[in-house]
file protein38.pdb (PDB, C-alpha atoms)
MODEL        1
ATOM      1  CA  MET A   1     -38.530  13.207 -55.793  1.00  0.00           C
ATOM      2  CA  LEU A   2     -38.871  10.542 -53.087  1.00  0.00           C
ATOM      3  CA  PRO A   3     -35.693   8.864 -51.865  1.00  0.00           C
ATOM      4  CA  GLU A   4     -35.122   5.352 -53.154  1.00  0.00           C
ATOM      5  CA  VAL A   5     -35.582   2.874 -50.306  1.00  0.00           C
ATOM      6  CA  ILE A   6     -32.591   0.559 -49.964  1.00  0.00           C
ATOM      7  CA  ALA A   7     -33.036  -2.459 -47.678  1.00  0.00           C
ATOM      8  CA  HIS A   8     -30.009  -2.533 -45.378  1.00  0.00           C
ATOM      9  CA  ARG A   9     -28.926  -6.197 -45.146  1.00  0.00           C
ATOM     10  CA  GLY A  10     -32.470  -6.942 -46.323  1.00  0.00           C
ATOM     11  CA  ALA A  11     -35.520  -6.306 -44.165  1.00  0.00           C
ATOM     12  CA  SER A  12     -33.166  -6.921 -41.277  1.00  0.00           C
ATOM     13  CA  ALA A  13     -35.465  -5.656 -38.519  1.00  0.00           C
ATOM     14  CA  ASP A  14     -37.935  -8.430 -39.387  1.00  0.00           C
ATOM     15  CA  ARG A  15     -35.654 -11.258 -40.554  1.00  0.00           C
ATOM     16  CA  ALA A  16     -32.108 -12.330 -39.839  1.00  0.00           C
ATOM     17  CA  GLU A  17     -29.756 -10.017 -41.716  1.00  0.00           C
ATOM     18  CA  HIS A  18     -28.064 -11.213 -44.901  1.00  0.00           C
ATOM     19  CA  THR A  19     -30.434 -14.141 -45.367  1.00  0.00           C
ATOM     20  CA  MET A  20     -32.470 -14.830 -48.471  1.00  0.00           C
ATOM     21  CA  GLY A  21     -35.619 -14.492 -46.383  1.00  0.00           C
ATOM     22  CA  ALA A  22     -34.634 -10.954 -45.363  1.00  0.00           C
ATOM     23  CA  TYR A  23     -34.071  -9.913 -48.962  1.00  0.00           C
ATOM     24  CA  GLU A  24     -37.224 -11.531 -50.308  1.00  0.00           C
ATOM     25  CA  LEU A  25     -39.247  -9.818 -47.586  1.00  0.00           C
ATOM     26  CA  ALA A  26     -37.608  -6.476 -48.414  1.00  0.00           C
ATOM     27  CA  LEU A  27     -38.773  -6.778 -52.002  1.00  0.00           C
ATOM     28  CA  GLU A  28     -42.273  -7.666 -50.811  1.00  0.00           C
ATOM     29  CA  GLN A  29     -42.192  -4.528 -48.647  1.00  0.00           C
ATOM     30  CA  GLY A  30     -41.460  -2.338 -51.663  1.00  0.00           C
ATOM     31  CA  ALA A  31     -37.709  -1.768 -51.448  1.00  0.00           C
ATOM     32  CA  ASP A  32     -36.188  -0.157 -54.544  1.00  0.00           C
ATOM     33  CA  GLY A  33     -32.797  -1.676 -53.842  1.00  0.00           C
ATOM     34  CA  LEU A  34     -30.969  -4.119 -51.613  1.00  0.00           C
ATOM     35  CA  GLU A  35     -27.755  -3.594 -49.646  1.00  0.00           C
ATOM     36  CA  CYS A  36     -25.242  -6.217 -48.573  1.00  0.00           C
ATOM     37  CA  ASP A  37     -21.754  -6.524 -47.121  1.00  0.00           C
ATOM     38  CA  VAL A  38     -19.316  -8.999 -48.644  1.00  0.00           C
ATOM     39  CA  ARG A  39     -16.312 -10.893 -47.360  1.00  0.00           C
ATOM     40  CA  LEU A  40     -14.120 -13.621 -48.815  1.00  0.00           C
ATOM     41  CA  THR A  41     -14.099 -17.182 -47.529  1.00  0.00           C
ATOM     42  CA  LYS A  42     -10.913 -19.181 -47.094  1.00  0.00           C
ATOM     43  CA  ASP A  43     -11.411 -20.699 -50.545  1.00  0.00           C
ATOM     44  CA  GLY A  44     -12.177 -17.414 -52.275  1.00  0.00           C
ATOM     45  CA  HIS A  45     -15.965 -17.160 -52.392  1.00  0.00           C
ATOM     46  CA  LEU A  46     -17.840 -13.910 -51.736  1.00  0.00           C
ATOM     47  CA  VAL A  47     -20.376 -14.279 -48.928  1.00  0.00           C
ATOM     48  CA  CYS A  48     -22.788 -11.800 -47.377  1.00  0.00           C
ATOM     49  CA  VAL A  49     -21.573 -11.270 -43.807  1.00  0.00           C
ATOM     50  CA  HIS A  50     -21.073  -7.934 -42.048  1.00  0.00           C
ATOM     51  CA  ASP A  51     -18.720  -8.799 -39.174  1.00  0.00           C
ATOM     52  CA  ARG A  52     -15.177 -10.162 -39.429  1.00  0.00           C
ATOM     53  CA  ARG A  53     -16.331 -12.992 -37.180  1.00  0.00           C
ATOM     54  CA  ILE A  54     -19.400 -15.157 -37.574  1.00  0.00           C
ATOM     55  CA  ASN A  55     -20.085 -15.326 -33.818  1.00  0.00           C
ATOM     56  CA  ARG A  56     -22.925 -12.776 -33.757  1.00  0.00           C
ATOM     57  CA  THR A  57     -24.926 -13.998 -36.746  1.00  0.00           C
ATOM     58  CA  SER A  58     -24.413 -17.772 -36.736  1.00  0.00           C
ATOM     59  CA  ASN A  59     -23.942 -20.747 -34.455  1.00  0.00           C
ATOM     60  CA  GLY A  60     -20.258 -20.844 -35.353  1.00  0.00           C
ATOM     61  CA  VAL A  61     -17.238 -18.920 -34.059  1.00  0.00           C
ATOM     62  CA  GLY A  62     -14.185 -17.382 -35.684  1.00  0.00           C
ATOM     63  CA  LEU A  63     -13.222 -15.377 -38.745  1.00  0.00           C
ATOM     64  CA  VAL A  64     -15.143 -15.633 -42.003  1.00  0.00           C
ATOM     65  CA  SER A  65     -11.806 -15.952 -43.795  1.00  0.00           C
ATOM     66  CA  ASP A  66     -10.912 -19.075 -41.795  1.00  0.00           C
ATOM     67  CA  TYR A  67     -13.888 -21.011 -43.171  1.00  0.00           C
ATOM     68  CA  THR A  68     -14.489 -22.553 -46.576  1.00  0.00           C
ATOM     69  CA  LEU A  69     -17.819 -22.026 -48.280  1.00  0.00           C
ATOM     70  CA  ASP A  70     -18.762 -25.648 -47.625  1.00  0.00           C
ATOM     71  CA  GLN A  71     -18.085 -25.197 -43.912  1.00  0.00           C
ATOM     72  CA  LEU A  72     -20.155 -21.997 -43.739  1.00  0.00           C
ATOM     73  CA  SER A  73     -22.958 -23.749 -45.612  1.00  0.00           C
ATOM     74  CA  GLU A  74     -23.386 -26.133 -42.682  1.00  0.00           C
ATOM     75  CA  LEU A  75     -23.945 -23.350 -40.124  1.00  0.00           C
ATOM     76  CA  ASP A  76     -27.176 -21.668 -39.026  1.00  0.00           C
ATOM     77  CA  PHE A  77     -27.179 -17.969 -39.966  1.00  0.00           C
ATOM     78  CA  ALA A  78     -30.811 -17.291 -39.046  1.00  0.00           C
ATOM     79  CA  GLY A  79     -31.567 -19.020 -35.741  1.00  0.00           C
ATOM     80  CA  TRP A  80     -30.210 -16.157 -33.616  1.00  0.00           C
ATOM     81  CA  HIS A  81     -33.050 -13.886 -34.825  1.00  0.00           C
ATOM     82  CA  GLN A  82     -36.495 -14.011 -33.212  1.00  0.00           C
ATOM     83  CA  ASN A  83     -38.006 -14.817 -36.624  1.00  0.00           C
ATOM     84  CA  GLY A  84     -35.223 -17.121 -37.745  1.00  0.00           C
ATOM     85  CA  ALA A  85     -36.679 -20.499 -36.846  1.00  0.00           C
ATOM     86  CA  GLY A  86     -37.077 -22.837 -39.787  1.00  0.00           C
ATOM     87  CA  ALA A  87     -34.849 -20.924 -42.184  1.00  0.00           C
ATOM     88  CA  PRO A  88     -32.565 -23.116 -44.297  1.00  0.00           C
ATOM     89  CA  PRO A  89     -28.971 -23.409 -43.038  1.00  0.00           C
ATOM     90  CA  GLY A  90     -25.972 -21.886 -44.727  1.00  0.00           C
ATOM     91  CA  VAL A  91     -24.411 -18.543 -45.489  1.00  0.00           C
ATOM     92  CA  LEU A  92     -25.841 -16.394 -48.287  1.00  0.00           C
ATOM     93  CA  THR A  93     -23.460 -16.036 -51.217  1.00  0.00           C
ATOM     94  CA  LEU A  94     -23.240 -12.902 -53.301  1.00  0.00           C
ATOM     95  CA  GLU A  95     -23.871 -15.074 -56.346  1.00  0.00           C
ATOM     96  CA  ALA A  96     -27.245 -16.161 -54.939  1.00  0.00           C
ATOM     97  CA  LEU A  97     -28.173 -12.566 -54.135  1.00  0.00           C
ATOM     98  CA  LEU A  98     -27.239 -11.500 -57.661  1.00  0.00           C
ATOM     99  CA  ASP A  99     -29.511 -14.247 -58.989  1.00  0.00           C
ATOM    100  CA  LEU A 100     -32.351 -12.706 -56.983  1.00  0.00           C
ATOM    101  CA  THR A 101     -31.744  -9.114 -58.051  1.00  0.00           C
ATOM    102  CA  THR A 102     -31.061  -9.764 -61.734  1.00  0.00           C
ATOM    103  CA  ALA A 103     -34.420 -11.526 -61.957  1.00  0.00           C
ATOM    104  CA  ARG A 104     -35.984  -8.179 -60.987  1.00  0.00           C
ATOM    105  CA  PRO A 105     -34.888  -5.552 -63.526  1.00  0.00           C
ATOM    106  CA  ASN A 106     -36.022  -2.600 -61.415  1.00  0.00           C
ATOM    107  CA  THR A 107     -33.965  -3.598 -58.367  1.00  0.00           C
ATOM    108  CA  THR A 108     -30.494  -2.191 -57.685  1.00  0.00           C
ATOM    109  CA  LEU A 109     -27.948  -4.021 -55.538  1.00  0.00           C
ATOM    110  CA  PHE A 110     -25.613  -1.969 -53.326  1.00  0.00           C
ATOM    111  CA  VAL A 111     -22.515  -4.005 -52.387  1.00  0.00           C
ATOM    112  CA  GLU A 112     -20.180  -2.888 -49.588  1.00  0.00           C
ATOM    113  CA  THR A 113     -16.694  -4.342 -49.321  1.00  0.00           C
ATOM    114  CA  LYS A 114     -15.372  -4.519 -45.762  1.00  0.00           C
ATOM    115  CA  HIS A 115     -11.871  -3.386 -44.771  1.00  0.00           C
ATOM    116  CA  PRO A 116      -9.318  -3.896 -43.417  1.00  0.00           C
ATOM    117  CA  VAL A 117      -9.123  -7.573 -44.409  1.00  0.00           C
ATOM    118  CA  ARG A 118      -6.187  -9.913 -44.877  1.00  0.00           C
ATOM    119  CA  GLN A 119      -6.974 -10.349 -48.613  1.00  0.00           C
ATOM    120  CA  ALA A 120      -6.816  -6.572 -49.282  1.00  0.00           C
ATOM    121  CA  GLY A 121      -7.641  -5.790 -52.927  1.00  0.00           C
ATOM    122  CA  LEU A 122      -8.515  -9.378 -53.804  1.00  0.00           C
ATOM    123  CA  VAL A 123     -12.034  -8.666 -52.503  1.00  0.00           C
ATOM    124  CA  GLU A 124     -12.707  -6.012 -55.150  1.00  0.00           C
ATOM    125  CA  ALA A 125     -11.051  -8.096 -57.876  1.00  0.00           C
ATOM    126  CA  LYS A 126     -13.261 -11.089 -57.074  1.00  0.00           C
ATOM    127  CA  LEU A 127     -16.315  -8.856 -56.848  1.00  0.00           C
ATOM    128  CA  VAL A 128     -15.834  -7.279 -60.269  1.00  0.00           C
ATOM    129  CA  ALA A 129     -15.015 -10.680 -61.786  1.00  0.00           C
ATOM    130  CA  LEU A 130     -18.347 -11.977 -60.483  1.00  0.00           C
ATOM    131  CA  LEU A 131     -20.140  -8.937 -61.899  1.00  0.00           C
ATOM    132  CA  GLU A 132     -18.517  -9.716 -65.257  1.00  0.00           C
ATOM    133  CA  ARG A 133     -20.033 -13.200 -65.134  1.00  0.00           C
ATOM    134  CA  PHE A 134     -23.471 -11.657 -64.647  1.00  0.00           C
ATOM    135  CA  GLY A 135     -22.934  -9.041 -67.357  1.00  0.00           C
ATOM    136  CA  LEU A 136     -23.055  -6.220 -64.800  1.00  0.00           C
ATOM    137  CA  ALA A 137     -19.493  -4.895 -64.809  1.00  0.00           C
ATOM    138  CA  ARG A 138     -19.767  -2.769 -67.952  1.00  0.00           C
ATOM    139  CA  PRO A 139     -23.030  -0.821 -68.050  1.00  0.00           C
ATOM    140  CA  GLU A 140     -23.395   1.785 -70.784  1.00  0.00           C
ATOM    141  CA  SER A 141     -23.282   4.488 -68.113  1.00  0.00           C
ATOM    142  CA  THR A 142     -23.428   4.830 -64.335  1.00  0.00           C
ATOM    143  CA  SER A 143     -27.135   5.650 -64.569  1.00  0.00           C
ATOM    144  CA  ASP A 144     -27.761   2.322 -66.343  1.00  0.00           C
ATOM    145  CA  SER A 145     -25.969   0.217 -63.730  1.00  0.00           C
ATOM    146  CA  LYS A 146     -27.984  -2.238 -61.640  1.00  0.00           C
ATOM    147  CA  VAL A 147     -25.131  -2.482 -59.119  1.00  0.00           C
ATOM    148  CA  VAL A 148     -23.511   0.148 -56.906  1.00  0.00           C
ATOM    149  CA  LEU A 149     -20.187  -0.540 -55.160  1.00  0.00           C
ATOM    150  CA  MET A 150     -19.382   0.963 -51.741  1.00  0.00           C
ATOM    151  CA  SER A 151     -16.834   1.032 -48.962  1.00  0.00           C
ATOM    152  CA  PHE A 152     -15.567   3.103 -46.056  1.00  0.00           C
ATOM    153  CA  SER A 153     -12.099   2.432 -47.475  1.00  0.00           C
ATOM    154  CA  GLN A 154     -10.972   5.044 -50.004  1.00  0.00           C
ATOM    155  CA  ARG A 155      -8.535   2.549 -51.494  1.00  0.00           C
ATOM    156  CA  ALA A 156     -11.321   0.024 -51.995  1.00  0.00           C
ATOM    157  CA  VAL A 157     -13.568   2.564 -53.710  1.00  0.00           C
ATOM    158  CA  ARG A 158     -10.669   3.608 -55.949  1.00  0.00           C
ATOM    159  CA  ARG A 159     -10.020  -0.036 -56.889  1.00  0.00           C
ATOM    160  CA  CYS A 160     -13.695  -0.536 -57.741  1.00  0.00           C
ATOM    161  CA  LYS A 161     -13.645   2.467 -60.070  1.00  0.00           C
ATOM    162  CA  GLN A 162     -10.433   1.311 -61.732  1.00  0.00           C
ATOM    163  CA  LEU A 163     -11.785  -2.197 -62.300  1.00  0.00           C
ATOM    164  CA  ALA A 164     -15.305  -1.177 -63.371  1.00  0.00           C
ATOM    165  CA  PRO A 165     -15.282   2.507 -64.396  1.00  0.00           C
ATOM    166  CA  ALA A 166     -18.969   2.699 -65.366  1.00  0.00           C
ATOM    167  CA  VAL A 167     -20.286   1.104 -62.160  1.00  0.00           C
ATOM    168  CA  PRO A 168     -21.228   3.858 -59.680  1.00  0.00           C
ATOM    169  CA  THR A 169     -19.426   4.054 -56.350  1.00  0.00           C
ATOM    170  CA  VAL A 170     -20.332   5.340 -52.894  1.00  0.00           C
ATOM    171  CA  LEU A 171     -17.688   6.584 -50.481  1.00  0.00           C
ATOM    172  CA  LEU A 172     -19.128   5.874 -47.025  1.00  0.00           C
ATOM    173  CA  PHE A 173     -17.951   7.963 -44.107  1.00  0.00           C
ATOM    174  CA  ALA A 174     -18.569   8.528 -40.429  1.00  0.00           C
ATOM    175  CA  PRO A 175     -19.766  11.873 -39.019  1.00  0.00           C
ATOM    176  CA  ARG A 176     -16.270  13.069 -38.122  1.00  0.00           C
ATOM    177  CA  ALA A 177     -14.528  11.926 -41.290  1.00  0.00           C
ATOM    178  CA  PRO A 178     -12.006  14.609 -42.326  1.00  0.00           C
ATOM    179  CA  GLY A 179     -12.392  16.420 -45.627  1.00  0.00           C
ATOM    180  CA  ARG A 180     -16.026  15.518 -46.335  1.00  0.00           C
ATOM    181  CA  LYS A 181     -17.958  18.411 -44.792  1.00  0.00           C
ATOM    182  CA  ASP A 182     -17.855  20.569 -47.946  1.00  0.00           C
ATOM    183  CA  GLY A 183     -19.592  17.943 -50.082  1.00  0.00           C
ATOM    184  CA  GLU A 184     -16.543  17.317 -52.258  1.00  0.00           C
ATOM    185  CA  LEU A 185     -15.626  13.752 -53.215  1.00  0.00           C
ATOM    186  CA  PRO A 186     -12.513  12.283 -54.814  1.00  0.00           C
ATOM    187  CA  GLY A 187     -12.835  11.636 -58.542  1.00  0.00           C
ATOM    188  CA  TYR A 188     -13.309   7.885 -58.113  1.00  0.00           C
ATOM    189  CA  ALA A 189     -16.439   8.333 -55.943  1.00  0.00           C
ATOM    190  CA  ASP A 190     -19.805   9.173 -57.493  1.00  0.00           C
ATOM    191  CA  ILE A 191     -22.088   9.290 -54.439  1.00  0.00           C
ATOM    192  CA  ALA A 192     -21.615  10.667 -50.927  1.00  0.00           C
ATOM    193  CA  GLY A 193     -22.316   8.196 -48.126  1.00  0.00           C
ATOM    194  CA  PRO A 194     -22.899   9.941 -44.783  1.00  0.00           C
ATOM    195  CA  GLY A 195     -24.587   8.355 -41.793  1.00  0.00           C
ATOM    196  CA  ILE A 196     -27.853   9.778 -40.497  1.00  0.00           C
ATOM    197  CA  ARG A 197     -26.099  11.281 -37.452  1.00  0.00           C
ATOM    198  CA  LEU A 198     -24.210  13.651 -39.739  1.00  0.00           C
ATOM    199  CA  LEU A 199     -27.418  14.836 -41.395  1.00  0.00           C
ATOM    200  CA  ARG A 200     -29.101  15.417 -38.046  1.00  0.00           C
ATOM    201  CA  THR A 201     -26.327  17.795 -36.991  1.00  0.00           C
ATOM    202  CA  ASP A 202     -25.522  19.202 -40.439  1.00  0.00           C
ATOM    203  CA  PRO A 203     -28.663  19.037 -42.603  1.00  0.00           C
ATOM    204  CA  ASP A 204     -27.198  21.408 -45.207  1.00  0.00           C
ATOM    205  CA  TYR A 205     -24.638  18.770 -46.153  1.00  0.00           C
ATOM    206  CA  VAL A 206     -26.966  17.210 -48.755  1.00  0.00           C
ATOM    207  CA  ALA A 207     -27.342  20.526 -50.578  1.00  0.00           C
ATOM    208  CA  ARG A 208     -23.592  21.185 -50.514  1.00  0.00           C
ATOM    209  CA  ALA A 209     -22.923  17.743 -51.992  1.00  0.00           C
ATOM    210  CA  ALA A 210     -25.621  18.279 -54.643  1.00  0.00           C
ATOM    211  CA  GLN A 211     -24.034  21.588 -55.653  1.00  0.00           C
ATOM    212  CA  ARG A 212     -20.916  19.602 -56.519  1.00  0.00           C
ATOM    213  CA  GLY A 213     -22.894  17.043 -58.488  1.00  0.00           C
ATOM    214  CA  ASN A 214     -22.850  14.388 -55.778  1.00  0.00           C
ATOM    215  CA  PRO A 215     -26.092  12.660 -54.770  1.00  0.00           C
ATOM    216  CA  THR A 216     -26.360  11.294 -51.233  1.00  0.00           C
ATOM    217  CA  TYR A 217     -26.737   7.750 -49.895  1.00  0.00           C
ATOM    218  CA  CYS A 218     -27.634   7.940 -46.189  1.00  0.00           C
ATOM    219  CA  TRP A 219     -27.323   5.072 -43.705  1.00  0.00           C
ATOM    220  CA  THR A 220     -28.986   3.657 -41.568  1.00  0.00           C
ATOM    221  CA  VAL A 221     -32.365   5.410 -41.424  1.00  0.00           C
ATOM    222  CA  ASP A 222     -35.046   3.672 -39.361  1.00  0.00           C
ATOM    223  CA  GLU A 223     -36.839   6.320 -37.301  1.00  0.00           C
ATOM    224  CA  PRO A 224     -39.830   8.124 -38.884  1.00  0.00           C
ATOM    225  CA  ALA A 225     -38.387  11.548 -38.063  1.00  0.00           C
ATOM    226  CA  ASP A 226     -35.118  10.643 -39.785  1.00  0.00           C
ATOM    227  CA  ILE A 227     -36.910   9.223 -42.827  1.00  0.00           C
ATOM    228  CA  ALA A 228     -38.898  12.460 -43.150  1.00  0.00           C
ATOM    229  CA  LEU A 229     -35.692  14.482 -42.692  1.00  0.00           C
ATOM    230  CA  CYS A 230     -34.000  12.631 -45.549  1.00  0.00           C
ATOM    231  CA  GLN A 231     -36.940  13.320 -47.810  1.00  0.00           C
ATOM    232  CA  ARG A 232     -36.972  17.038 -46.988  1.00  0.00           C
ATOM    233  CA  LEU A 233     -33.238  17.333 -47.580  1.00  0.00           C
ATOM    234  CA  GLY A 234     -33.302  15.583 -50.958  1.00  0.00           C
ATOM    235  CA  VAL A 235     -31.400  12.413 -50.061  1.00  0.00           C
ATOM    236  CA  ARG A 236     -31.302  10.180 -53.147  1.00  0.00           C
ATOM    237  CA  TYR A 237     -30.858   6.782 -51.451  1.00  0.00           C
ATOM    238  CA  LEU A 238     -32.160   5.934 -47.986  1.00  0.00           C
ATOM    239  CA  ALA A 239     -30.714   2.759 -46.440  1.00  0.00           C
ATOM    240  CA  THR A 240     -33.001   1.263 -43.800  1.00  0.00           C
ATOM    241  CA  ASN A 241     -33.516  -1.924 -41.825  1.00  0.00           C
ATOM    242  CA  ARG A 242     -37.278  -1.289 -42.068  1.00  0.00           C
ATOM    243  CA  PRO A 243     -38.276  -0.781 -45.713  1.00  0.00           C
ATOM    244  CA  ALA A 244     -42.004  -1.187 -44.998  1.00  0.00           C
ATOM    245  CA  ARG A 245     -41.934   1.608 -42.398  1.00  0.00           C
ATOM    246  CA  ALA A 246     -39.880   3.819 -44.698  1.00  0.00           C
ATOM    247  CA  ARG A 247     -42.448   3.365 -47.457  1.00  0.00           C
ATOM    248  CA  GLU A 248     -45.292   4.267 -45.072  1.00  0.00           C
ATOM    249  CA  VAL A 249     -43.563   7.435 -43.851  1.00  0.00           C
ATOM    250  CA  LEU A 250     -42.647   8.553 -47.363  1.00  0.00           C
ATOM    251  CA  ARG A 251     -46.208   8.049 -48.584  1.00  0.00           C
ATOM    252  CA  ALA A 252     -47.511  10.089 -45.632  1.00  0.00           C
ATOM    253  CA  GLU A 253     -45.107  12.923 -46.334  1.00  0.00           C
TER     254      GLU A 253
ENDMDL
END

call {"tool": "encode", "arguments": {"input": "protein38.pdb", "output": "structure tokens"}}
result
Amino acid sequence: MLPEVIAHRGASADRAEHTMGAYELALEQGADGLECDVRLTKDGHLVCVHDRRINRTSNGVGLVSDYTLDQLSELDFAGWHQNGAGAPPGVLTLEALLDLTTARPNTTLFVETKHPVRQAGLVEAKLVALLERFGLARPESTSDSKVVLMSFSQRAVRRCKQLAPAVPTVLLFAPRAPGRKDGELPGYADIAGPGIRLLRTDPDYVARAAQRGNPTYCWTVDEPADIALCQRLGVRYLATNRPARAREVLRAE
């Protein structure tokens, strides 16, 4: 079975990350799913921004949590990218991204909550409340869910599972994370989330996780050799900034 291609922050090699243009292009390039990071604004809205600060990906400065949604809507979140000219201003909200994905029944949205943050568990509470509004918080089973919730924070993943038990969860971890090498996961995590560096040095990890009933979500896989490696190992979800290239390599394999 081919890995499912998940567009990491959209087709973020070709468009400014976390913009509607990046996600629309990812779908055009054949992505099976979309990935985003979410943070809370000062007035409690979930927006798609990776960094704590907006300096790198906008023409503003400072913490996401110090801005209201209206203030972020006035900033340019695409102009920094070589293909960002002419994109509409404003930050992408999770609500807008959910509108895009729910209109496409075969598309899964992977949502990562970022930690540590000053709002702590409020992020997950707001996230699940928004999923409730869209009718996505209570799928019949994890296999029926059109949303997957993720974090590097074990507490955040545990909160997600407590708030939405049937929505699948990914516990992300770095190559040297303690207690993950055997493929075991805590009961509140459904999917293992190693980075590609771990699989390069320990390719048998995917099989060990599978033996314990845990599929693998691997990030961030852009190089052809790494894409082919993930396919050979049986990775279930392949997160990439280049969904078109991933599709080409997988077809060739």

call {"tool": "resolve_selection", "arguments": {"input": "protein38.pdb", "expression": "the PyMOL selection byres ((chain A and resi 151) around 7)", "output": "PyMOL selection string"}}
result
chain A and resi 112-114+150+152-153+156-157+170-172

call {"tool": "closest_residue", "arguments": {"input": "protein38.pdb", "among": "A:Val38, A:Ile227, A:Leu75, A:Leu98", "to": "Arg251 (chain A)", "atoms": "only C-alpha atoms"}}
result
A:Ile227

call {"tool": "residues_around", "arguments": {"input": "protein38.pdb", "residues": "Phe77 (chain A)", "least_positions_apart": "5", "cutoff": "9 Å", "atoms": "only C-alpha atoms", "output": "list of chain:residue names"}}
result
A:Ala16, A:Glu17, A:His18, A:Thr19, A:Ile54, A:Thr57, A:Ser58, A:Asn59, A:Gly60, A:Leu72, A:Gly84, A:Ala87, A:Pro88, A:Pro89, A:Gly90, A:Val91, A:Leu92

call {"tool": "atom_distance", "arguments": {"input": "protein38.pdb", "atom1": "CA of Gly10 (chain A)", "atom2": "CA of Ala22 (chain A)"}}
result
4.7 Å

call {"tool": "resolve_selection", "arguments": {"input": "protein38.pdb", "expression": "the PyMOL selection byres ((chain A and resi 184) around 12)", "output": "list in words"}}
result
Leu171, Pro178, Gly179, Arg180, Lys181, Asp182, Gly183, Leu185, Pro186, Gly187, Tyr188, Ala189, Asp190, Ile191, Ala192, Gly193, Tyr205, Val206, Ala207, Arg208, Ala209, Ala210, Gln211, Arg212, Gly213, Asn214, Pro215 and Thr216 of chain A

call {"tool": "resolve_selection", "arguments": {"input": "protein38.pdb", "expression": "the PyMOL selection byres ((chain A and resi 39-46) around 6)", "output": "PDB file with C-alpha atoms, keeping the file's coordinate frame"}}
result
ATOM      1  CA  VAL A  38     -19.316  -8.999 -48.644  1.00  0.00           C
ATOM      2  CA  VAL A  47     -20.376 -14.279 -48.928  1.00  0.00           C
ATOM      3  CA  VAL A  64     -15.143 -15.633 -42.003  1.00  0.00           C
ATOM      4  CA  SER A  65     -11.806 -15.952 -43.795  1.00  0.00           C
ATOM      5  CA  ASP A  66     -10.912 -19.075 -41.795  1.00  0.00           C
ATOM      6  CA  TYR A  67     -13.888 -21.011 -43.171  1.00  0.00           C
ATOM      7  CA  THR A  68     -14.489 -22.553 -46.576  1.00  0.00           C
ATOM      8  CA  LEU A  94     -23.240 -12.902 -53.301  1.00  0.00           C
TER       9      LEU A  94
END

call {"tool": "closest_residue", "arguments": {"input": "protein38.pdb", "among": "A:Arg138, A:Arg158, A:Asn83, A:Asp32", "to": "Leu2 (chain A)", "atoms": "only C-alpha atoms"}}
result
A:Asp32

call {"tool": "residues_around", "arguments": {"input": "protein38.pdb", "residues": "Arg247 (chain A)", "least_positions_apart": "3", "cutoff": "12 Å", "atoms": "all atoms listed in the file", "output": "PyMOL selection string"}}
result
chain A and resi 2-7+26-32+221-224+227-228+231+238-244+250-253

call {"tool": "atom_distance", "arguments": {"input": "protein38.pdb", "atom1": "CA of Cys160 (chain A)", "atom2": "CA of Leu109 (chain A)"}}
result
14.8 Å

call {"tool": "atom_distance", "arguments": {"input": "protein38.pdb", "atom1": "CA of Ala166 (chain A)", "atom2": "CA of Gln154 (chain A)"}}
result
17.5 Å
